[in-house]
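Read the structure below first, then the notes.
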Amino acid sequence: MLVALARVARFVKGLIQLASSRYQKLSLVGKALIWFILFFYACLATFILVFTPARIAQFMYDAAQDIRHLPYGYAILIVVTIAVSFPPFIGHITLLNLFGFTYGLQGFYPAAFASLAGSAIVFVTLRIMFNKRLRSWTSTNEKWQALEAVIRSKGMPLIILIRISSFPPWAWSNSLFASIASVSLLQFFIATWFVLPKAMVYVFVGSRIARLSDGEQRNHMDTQTKIINSLLVVGGILVSVLASSLVYYLMQKEIKRLHDSPSERDELAAEALEATEEAPLLGSDSLGSP
């Protein structure tokens, strides 16, 4: 028991050190964004406590039903999902929950379409807008050249592993792949399909939350049904967390393998993967003057 607790403590300490290290490497804008997100969630928690979860849940359910009964209500969510696929926006997971919250499990189809279309649009847009700047940057960056060579060598398995990893987040992952010249649009699009099972889980969780949010449906549920729906929500979240943790572990294992490789190219590629915030379309200077 004590050994297990010690391992957990070391793991948590490692995560804190990793987060601190990445935070220190962020630009001033990146640090400001982190603090803004923390402030937003603090305000959100206060809002929920003041207005009570039940009243907020009922309001959200009623609003979702209004959207559902619009002739092209799903188009609104699709457009917003495509918009948040561009960095520095966030909220892709929340929108997947909202598809399920509004349309039930049928919401997976527009959610999948929006995710695939949004990522492809971001990829093509950034490639076209920053093509010359990208080529200029990568021609002088040895780490990025090594990363492109490794991805070109290993192909789809490595591309898929990076794509389904929870870091970097959705919008930044789209930008990251647009930064890697050796990744084609077709490869990126195929890799994005492997994200859809995780998207299905988020849609499912949203659909269960909707049933618990409506007071009328909740009042007609017996205690056993409420418990089952609550367990399904918690189970869906746990599945998502475990899957993300597993992919993150495999990603770190691949980076370690590259570090341990006798090839200098693999070593440089590992360093590039560890410092994704320095990617040419993610860095603070990516939108600056050529």
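We label chains A, B, ... in the order they appear in the structure tokens, count residues from 1 in each chain, and number ligands from 1 in the order shown.
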
Alpha helix (DSSP H) call set, DSSP backbone run, range 30-177 of chain A, as a ChimeraX atom specification: /A:30-51,53-68,73-83,92-103,108-129,131-138,142-154,156-164,170-177

Write a file of the selected residues as a CSV table (one decimal), in the first residue's frame, keeping C-alpha atoms.
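Wrote it out as out.csv, contents follow:
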```
chain,number,residue,atom,x,y,z
A,30,GLY,CA,0.7,31.8,-23.6
A,31,LYS,CA,1.0,32.4,-19.8
A,32,ALA,CA,-1.7,35.1,-20.0
A,33,LEU,CA,-4.0,32.5,-21.7
A,34,ILE,CA,-3.3,29.9,-19.0
A,35,TRP,CA,-4.3,32.5,-16.3
A,36,PHE,CA,-7.3,33.5,-18.3
A,37,ILE,CA,-8.5,29.9,-18.5
A,38,LEU,CA,-8.0,29.4,-14.7
A,39,PHE,CA,-9.9,32.7,-14.0
A,40,PHE,CA,-12.7,31.6,-16.3
A,41,TYR,CA,-13.2,28.3,-14.6
A,42,ALA,CA,-13.0,29.9,-11.1
A,43,CYS,CA,-15.8,32.3,-12.3
A,44,LEU,CA,-17.8,29.4,-13.7
A,45,ALA,CA,-17.5,27.4,-10.4
A,46,THR,CA,-18.7,30.5,-8.5
A,47,PHE,CA,-21.6,30.9,-10.9
A,48,ILE,CA,-22.7,27.3,-10.5
A,49,LEU,CA,-22.6,27.5,-6.7
A,50,VAL,CA,-24.7,30.7,-6.7
A,51,PHE,CA,-27.4,29.7,-9.1
A,53,PRO,CA,-26.6,23.1,-10.6
A,54,ALA,CA,-30.2,22.1,-11.0
A,55,ARG,CA,-31.4,25.5,-12.3
A,56,ILE,CA,-28.4,25.8,-14.6
A,57,ALA,CA,-28.9,22.3,-15.9
A,58,GLN,CA,-32.6,22.9,-16.6
A,59,PHE,CA,-31.7,26.2,-18.4
A,60,MET,CA,-29.1,24.4,-20.5
A,61,TYR,CA,-31.5,21.6,-21.4
A,62,ASP,CA,-34.2,24.0,-22.5
A,63,ALA,CA,-31.7,26.0,-24.6
A,64,ALA,CA,-30.5,22.7,-26.2
A,65,GLN,CA,-34.0,21.7,-27.0
A,66,ASP,CA,-34.6,25.1,-28.7
A,67,ILE,CA,-31.5,24.5,-30.9
A,68,ARG,CA,-32.7,21.0,-31.6
A,73,GLY,CA,-29.8,23.8,-35.5
A,74,TYR,CA,-27.1,21.3,-35.9
A,75,ALA,CA,-25.4,23.6,-38.5
A,76,ILE,CA,-24.9,26.2,-35.7
A,77,LEU,CA,-22.9,23.6,-33.7
A,78,ILE,CA,-21.0,22.5,-36.7
A,79,VAL,CA,-19.9,26.1,-37.6
A,80,VAL,CA,-18.9,26.7,-34.0
A,81,THR,CA,-16.9,23.4,-33.8
A,82,ILE,CA,-15.1,24.4,-37.0
A,83,ALA,CA,-14.3,27.8,-35.6
A,92,HIS,CA,-13.8,21.2,-28.7
A,93,ILE,CA,-14.6,18.6,-26.0
A,94,THR,CA,-17.3,20.8,-24.6
A,95,LEU,CA,-18.9,21.0,-28.0
A,96,LEU,CA,-18.8,17.3,-28.5
A,97,ASN,CA,-20.6,17.0,-25.1
A,98,LEU,CA,-23.1,19.6,-26.4
A,99,PHE,CA,-23.8,17.5,-29.6
A,100,GLY,CA,-24.8,14.6,-27.3
A,101,PHE,CA,-26.6,16.9,-24.9
A,102,THR,CA,-28.7,18.3,-27.8
A,103,TYR,CA,-29.2,15.4,-30.2
A,108,PHE,CA,-22.3,11.8,-33.1
A,109,TYR,CA,-22.7,12.1,-36.8
A,110,PRO,CA,-22.7,15.9,-37.1
A,111,ALA,CA,-20.0,16.0,-34.4
A,112,ALA,CA,-17.8,13.7,-36.4
A,113,PHE,CA,-18.4,15.7,-39.6
A,114,ALA,CA,-17.6,19.0,-37.8
A,115,SER,CA,-14.4,17.5,-36.3
A,116,LEU,CA,-13.1,16.1,-39.5
A,117,ALA,CA,-14.1,19.2,-41.6
A,118,GLY,CA,-12.7,21.6,-39.0
A,119,SER,CA,-9.4,19.9,-38.7
A,120,ALA,CA,-9.0,19.7,-42.5
A,121,ILE,CA,-9.9,23.3,-43.0
A,122,VAL,CA,-7.4,24.5,-40.4
A,123,PHE,CA,-4.7,22.3,-41.9
A,124,VAL,CA,-5.2,23.6,-45.4
A,125,THR,CA,-5.7,27.2,-44.3
A,126,LEU,CA,-2.5,27.3,-42.3
A,127,ARG,CA,-0.5,25.5,-44.9
A,128,ILE,CA,-1.6,28.0,-47.6
A,129,MET,CA,-1.2,31.1,-45.5
A,131,ASN,CA,3.7,27.9,-46.6
A,132,LYS,CA,6.7,30.2,-47.4
A,133,ARG,CA,7.4,31.1,-43.7
A,134,LEU,CA,7.1,27.4,-42.8
A,135,ARG,CA,9.7,26.3,-45.4
A,136,SER,CA,12.0,29.2,-44.3
A,137,TRP,CA,11.8,28.2,-40.6
A,138,THR,CA,12.2,24.5,-41.0
A,142,GLU,CA,17.7,21.1,-37.1
A,143,LYS,CA,15.3,19.6,-34.6
A,144,TRP,CA,12.3,20.1,-36.8
A,145,GLN,CA,14.1,18.7,-39.8
A,146,ALA,CA,14.9,15.6,-37.7
A,147,LEU,CA,11.2,15.3,-36.6
A,148,GLU,CA,10.0,15.6,-40.2
A,149,ALA,CA,12.5,12.9,-41.3
A,150,VAL,CA,11.4,10.5,-38.5
A,151,ILE,CA,7.7,11.0,-39.3
A,152,ARG,CA,8.5,10.5,-43.0
A,153,SER,CA,10.4,7.3,-42.1
A,154,LYS,CA,7.8,5.8,-39.6
A,156,MET,CA,1.1,6.6,-40.3
A,157,PRO,CA,1.6,4.7,-37.0
A,158,LEU,CA,3.6,7.6,-35.5
A,159,ILE,CA,1.2,10.2,-37.1
A,160,ILE,CA,-1.8,8.5,-35.6
A,161,LEU,CA,-0.1,8.2,-32.1
A,162,ILE,CA,0.6,11.9,-32.1
A,163,ARG,CA,-2.8,12.7,-33.4
A,164,ILE,CA,-4.8,10.8,-30.7
A,170,TRP,CA,-7.3,19.8,-30.4
A,171,ALA,CA,-6.8,23.2,-32.0
A,172,TRP,CA,-3.1,23.3,-31.3
A,173,SER,CA,-2.7,19.7,-32.6
A,174,ASN,CA,-4.3,20.9,-35.9
A,175,SER,CA,-1.7,23.6,-36.1
A,176,LEU,CA,1.1,21.3,-35.1
A,177,PHE,CA,0.5,18.9,-38.0
```
